[in-house]
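What follows is one structure encoded as structure tokens, with my remarks underneath.
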Amino acid sequence: MTTTRTPPSPATLDRLRDIVGPQGAIDRPDELAPFVREWRDRFVGNTPLVLLPKTTEEVAGIVKICQETKTPLVPQGGNTGAVAGQIPFEDGAEIVVNLRRLSKIRNIDALNNTMTVDAGVVLQAIQETADKYDKLFPLSLASEGSCQIGGNLATNAGGTAVLRYGTARDLVLGLEVVLANGDIWNGLQSLRKDNTGYDLKHVFMGSEGTLGIITGAVLKLFPKPRTSETAFLAVADPAAALQLLDKAQVCFGQDVSTFELMPRIGLDFVLKHLPDTKDPLADNQAWYVLMEVASQIGGDALSQRVQSFLEENLNAGLVQDGVVAGSLTQKAALWRLRESLPEAQKPEGGSIKHDISVPVSSIPAFLERASKAVATHLPGVRPVPFGHVGDGNLHYNLSQPTDMQREQFLGMWEEFNALVHDIVSEFGGSISAEHGVGRMKASELPRYKDPVALRLMRDLKRTLDPHNILNPGKVLDVKSE
Ligand code: FAD
Ligand code: ZN
């Protein structure tokens, strides 16, 4: 933040507490700590008050007081965000509004394939509820046990099933949002077709709490696949991975739901640092793909087709080696190799992260350019690029050289970001594919975003939040101009 701000007055804090009652207000420093600390410990903010409203009306009441008293607020879900959008700044001027007590499943309409939920419902609870109705809610992230659907929609989360089902915004039919003046917008339609003007829900999804507080949503459900097969396939390089993806999509169509890439160094980290993991293949290979295919067709048909797909591509030399999980335990073990990669990087020292996307076809060229550039900038740096290659989205993480101090390496965060993001930009890519802008990338955005798009974003922010009380300084710093 560039402006000097003062904490809310005791009288304002009392009025805010009155809205939620004693159960819904936290102000003891030891109890405030988990709400101001980001899970990676990169940002620790400060706030005099965390509010836990239980209803949409309570959220509206809070926002009305904030608007009247010009008190800035930070909406917060499960606090798993990767760009510090959910953490207040250090000056203690903001209150935090955490949605976790807004946690009801409001309605399920099985024939309409929809579920209406409060914004504070944890993603995993939504998946489990859908499952009870023999349906699928396909959004899937490693943080699903703690992130909330409101946070997922506010960040337009991605994850491992985007290839088949799209990002969070593709899974929504309607929204309920509390606006900056305390009005409640009831946009909870469960319609698949509605062309009555602008599609307002898309303004709020991906806005990271800067345009409104999402309090409810109508989510799309899908038929639960009858069978799924998980394969772990070794390929020579990223270009081979893309050829394999193309072949898989020709063979299985939309049934390819996951196509994830990881390099040998990533697998080495996992095998070295995580207990009970083992290399599913006999020899060391350069790159690996985790592929999942899920189908409505039951029986053994899918398993046989995946096996013959593997054999065909082994014979053609596109796949070097591979295995198809033969049991649920094996399937979980293969998924663990991919999902625990960020955790396995921690014992290797500092890791500088990039969440980038480029056109899928540009992945190999991007990787070649970026790897050369980072190695020239810091000999010994260890790139660990992994992720959702089928979406053109890689977590281009850099592990520190083995002979360097962690803090010294992490001090290079911004210079590496600039180096990698400039290359991303040359490929027409994005510097934030799925995590958002939040606080971490707000100052970088003007360098990479089209100036007309930025101006429209600022105009929208000023129109919807004229007093700049909703998560100020995140995504855009409208005050600094
Ligand atoms: P928070 O972190 O609490 O908030 C995130 C942002 O949304 C903040 O700007 C906040 O102000 C805003 N916000 C929260 N709730 C609301 C609301 N109700 N209304 C308006 N604004 C709100 N992300 C991916 O996209 N793909 C992944 O694969 C992925 N994997 C992850 C794995 C791990 C282990 C972890 C820790 C994180 C991962 N993430 C991933 C990042 C994170 O989980 C997502 O960004 C998630 O959507 C955030 O949800 P949350 O409820 O924790 O939101
Ligand atoms: Zn990801």
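Residue numbering restarts at 1 in every chain; chains get A, B, ... in the order shown in the structure tokens, and ligands count up from 1 in that same order.
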Contacts of Lys278 in chain A at 12 Å (only C-alpha atoms; same-chain gap of 3+ positions) as number ranges by chain: A: 267-275, 281-284, 330, 333-334, 336-337
Polymer residues at most 6 Å from range 396-406 of chain A, only C-alpha atoms, same-chain spacing of 4 or more positions, as a list in words: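 Close residues of range 396-406 of chain A: Gly349, Gly350, Ser351, Ile352, Lys353, His354, Gly380, Val381, Arg382, Pro383, Val384 and Pro385 of chain A.
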Test item: residues lying within 9 Å of ligand 2 with only C-alpha atoms and all ligand atoms, as an MDAnalysis selection string: chainID A and resid 141:142 157:160 355 386:388 393:395 433:435
All residues having an atom within 6 Å of ligand 1 (only C-alpha atoms and all ligand atoms) as a PyMOL selection string: chain A and resi 74-82+85-86+119+141-143+147-148+150-152+154-155+157-159+208-209+212-215+434-435+438
Same residues, N, CA, C and O atoms, saved as a compact mmCIF listing (two decimals), in the first residue's frame:
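Everything below was put into part08.txt:
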```
# COMPACT_ATOMS: atom_id res chain seq x y z
N VAL A 74 -10.75 -7.30 4.24
CA VAL A 74 -10.17 -8.37 3.41
C VAL A 74 -11.09 -9.59 3.51
O VAL A 74 -11.23 -10.18 4.57
N PRO A 75 -11.74 -9.98 2.39
CA PRO A 75 -12.51 -11.23 2.43
C PRO A 75 -11.54 -12.40 2.51
O PRO A 75 -10.48 -12.38 1.88
N GLN A 76 -11.90 -13.41 3.28
CA GLN A 76 -11.01 -14.56 3.43
C GLN A 76 -11.81 -15.87 3.44
O GLN A 76 -12.85 -15.96 4.06
N GLY A 77 -11.29 -16.85 2.70
CA GLY A 77 -11.89 -18.18 2.70
C GLY A 77 -11.04 -19.11 3.55
O GLY A 77 -10.84 -18.88 4.74
N GLY A 78 -10.48 -20.13 2.91
CA GLY A 78 -9.69 -21.13 3.65
C GLY A 78 -8.25 -20.73 3.88
O GLY A 78 -7.48 -21.49 4.45
N ASN A 79 -7.87 -19.53 3.43
CA ASN A 79 -6.50 -19.02 3.60
C ASN A 79 -5.47 -19.96 2.97
O ASN A 79 -4.41 -20.21 3.53
N THR A 80 -5.79 -20.50 1.80
CA THR A 80 -4.82 -21.32 1.08
C THR A 80 -4.30 -20.60 -0.17
O THR A 80 -3.53 -21.18 -0.94
N GLY A 81 -4.72 -19.40 -0.39
CA GLY A 81 -4.35 -18.65 -1.60
C GLY A 81 -2.83 -18.55 -1.75
O GLY A 81 -2.10 -18.50 -0.75
N ALA A 82 -2.37 -18.52 -2.99
CA ALA A 82 -0.93 -18.59 -3.26
C ALA A 82 -0.30 -17.24 -3.57
O ALA A 82 0.89 -17.17 -3.83
N GLY A 85 -3.48 -12.72 -1.41
CA GLY A 85 -4.65 -11.84 -1.53
C GLY A 85 -5.53 -11.87 -0.29
O GLY A 85 -6.28 -10.94 -0.01
N GLN A 86 -5.43 -12.94 0.49
CA GLN A 86 -6.33 -13.15 1.63
C GLN A 86 -5.76 -12.63 2.94
O GLN A 86 -6.37 -12.79 3.99
N ALA A 119 -20.92 -19.70 0.45
CA ALA A 119 -19.54 -19.52 -0.05
C ALA A 119 -18.49 -20.15 0.84
O ALA A 119 -17.39 -20.46 0.40
N LEU A 141 -8.23 -29.71 -6.30
CA LEU A 141 -6.94 -29.07 -5.98
C LEU A 141 -6.35 -29.80 -4.78
O LEU A 141 -7.08 -30.32 -3.96
N ALA A 142 -5.03 -29.73 -4.63
CA ALA A 142 -4.41 -30.38 -3.47
C ALA A 142 -4.86 -29.73 -2.16
O ALA A 142 -4.76 -30.34 -1.11
N SER A 143 -5.36 -28.49 -2.24
CA SER A 143 -5.81 -27.80 -1.02
C SER A 143 -7.30 -28.03 -0.74
O SER A 143 -7.88 -27.34 0.10
N CYS A 147 -9.59 -25.31 1.36
CA CYS A 147 -10.06 -24.12 0.64
C CYS A 147 -11.59 -24.14 0.57
O CYS A 147 -12.23 -25.18 0.65
N GLN A 148 -12.17 -22.94 0.44
CA GLN A 148 -13.63 -22.81 0.39
C GLN A 148 -14.07 -22.48 -1.04
O GLN A 148 -13.32 -21.83 -1.78
N GLY A 150 -16.06 -20.25 -2.04
CA GLY A 150 -16.01 -18.79 -2.29
C GLY A 150 -14.62 -18.36 -2.71
O GLY A 150 -14.45 -17.56 -3.63
N GLY A 151 -13.60 -18.91 -2.04
CA GLY A 151 -12.21 -18.60 -2.39
C GLY A 151 -11.87 -19.16 -3.77
O GLY A 151 -11.18 -18.52 -4.56
N ASN A 152 -12.38 -20.35 -4.07
CA ASN A 152 -12.13 -20.95 -5.39
C ASN A 152 -12.71 -20.08 -6.50
O ASN A 152 -12.07 -19.89 -7.54
N ALA A 154 -13.52 -16.82 -6.22
CA ALA A 154 -12.87 -15.50 -6.20
C ALA A 154 -11.50 -15.54 -6.88
O ALA A 154 -11.01 -14.52 -7.36
N THR A 155 -10.86 -16.72 -6.90
CA THR A 155 -9.55 -16.84 -7.57
C THR A 155 -9.67 -17.54 -8.93
O THR A 155 -8.67 -17.74 -9.60
N ALA A 157 -10.11 -20.73 -9.50
CA ALA A 157 -9.10 -21.78 -9.32
C ALA A 157 -9.08 -22.76 -10.49
O ALA A 157 -10.07 -22.94 -11.20
N GLY A 158 -7.92 -23.39 -10.66
CA GLY A 158 -7.73 -24.35 -11.75
C GLY A 158 -7.68 -25.77 -11.22
O GLY A 158 -8.69 -26.37 -10.91
N GLY A 159 -6.47 -26.32 -11.12
CA GLY A 159 -6.33 -27.67 -10.58
C GLY A 159 -6.12 -28.70 -11.67
O GLY A 159 -5.71 -28.39 -12.79
N GLU A 208 -10.85 -11.76 -6.87
CA GLU A 208 -10.03 -11.87 -5.66
C GLU A 208 -10.49 -10.94 -4.52
O GLU A 208 -9.67 -10.33 -3.84
N GLY A 209 -11.80 -10.85 -4.38
CA GLY A 209 -12.35 -10.07 -3.27
C GLY A 209 -12.25 -8.58 -3.43
O GLY A 209 -12.47 -7.84 -2.46
N GLY A 212 -16.48 -7.49 -4.71
CA GLY A 212 -17.66 -7.89 -3.95
C GLY A 212 -17.30 -9.11 -3.12
O GLY A 212 -16.27 -9.74 -3.34
N ILE A 213 -18.19 -9.42 -2.14
CA ILE A 213 -17.96 -10.64 -1.34
C ILE A 213 -18.95 -11.70 -1.82
O ILE A 213 -20.17 -11.51 -1.74
N ILE A 214 -18.44 -12.79 -2.34
CA ILE A 214 -19.30 -13.88 -2.80
C ILE A 214 -19.84 -14.59 -1.56
O ILE A 214 -19.06 -14.99 -0.68
N THR A 215 -21.18 -14.73 -1.49
CA THR A 215 -21.76 -15.40 -0.31
C THR A 215 -22.47 -16.71 -0.67
O THR A 215 -22.74 -17.52 0.19
N GLU A 434 -3.29 -19.62 -12.75
CA GLU A 434 -4.40 -20.10 -11.93
C GLU A 434 -4.41 -19.54 -10.51
O GLU A 434 -5.40 -19.67 -9.82
N HIS A 435 -3.35 -18.93 -10.04
CA HIS A 435 -3.32 -18.51 -8.64
C HIS A 435 -3.84 -17.10 -8.42
O HIS A 435 -4.15 -16.73 -7.29
N GLY A 438 -3.38 -11.13 -6.53
CA GLY A 438 -3.29 -10.86 -5.09
C GLY A 438 -2.38 -9.69 -4.78
O GLY A 438 -2.37 -8.65 -5.44
```
Neighbour list for Pro88 in chain A as a VMD selection string, cut-off 7 Å, only C-alpha atoms, skip fewer than 2 positions in-chain: chain A and resid 36 45 to 47 74 86 90 94
Among the residues A:His202, A:Ile87, A:Pro29, A:Ala217, the one that comes closest to Arg106 in chain A [using only C-alpha atoms]: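 Of the candidates, the smallest distance to Arg106 in chain A is held by A:Ala217.
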Two-atom distance - CA of Gly390 in chain A, CA of Leu233 in chain A (Å):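 These atoms are spaced 14.4 Å apart.
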Selected residue, from A:Leu139, A:Leu328, A:Val59, A:Val424, that lies nearest to Ser362 in chain A when counting only C-alpha atoms: A:Val424
Residue contacts of Thr116 in chain A (10 Å, only C-alpha atoms) excluding same-chain residues fewer than 5 positions away, as number ranges by chain: A: 104-109, 126, 172-175, 188-190, 216-220
Test item, helix (DSSP H, G or I) assignment across range 237-414 of chain A, answer as a VMD selection string: chain A and resid 238 to 255 264 to 273 301 to 315 328 to 339 341 to 348 360 to 377 389 to 391 406 to 410 413 to 414
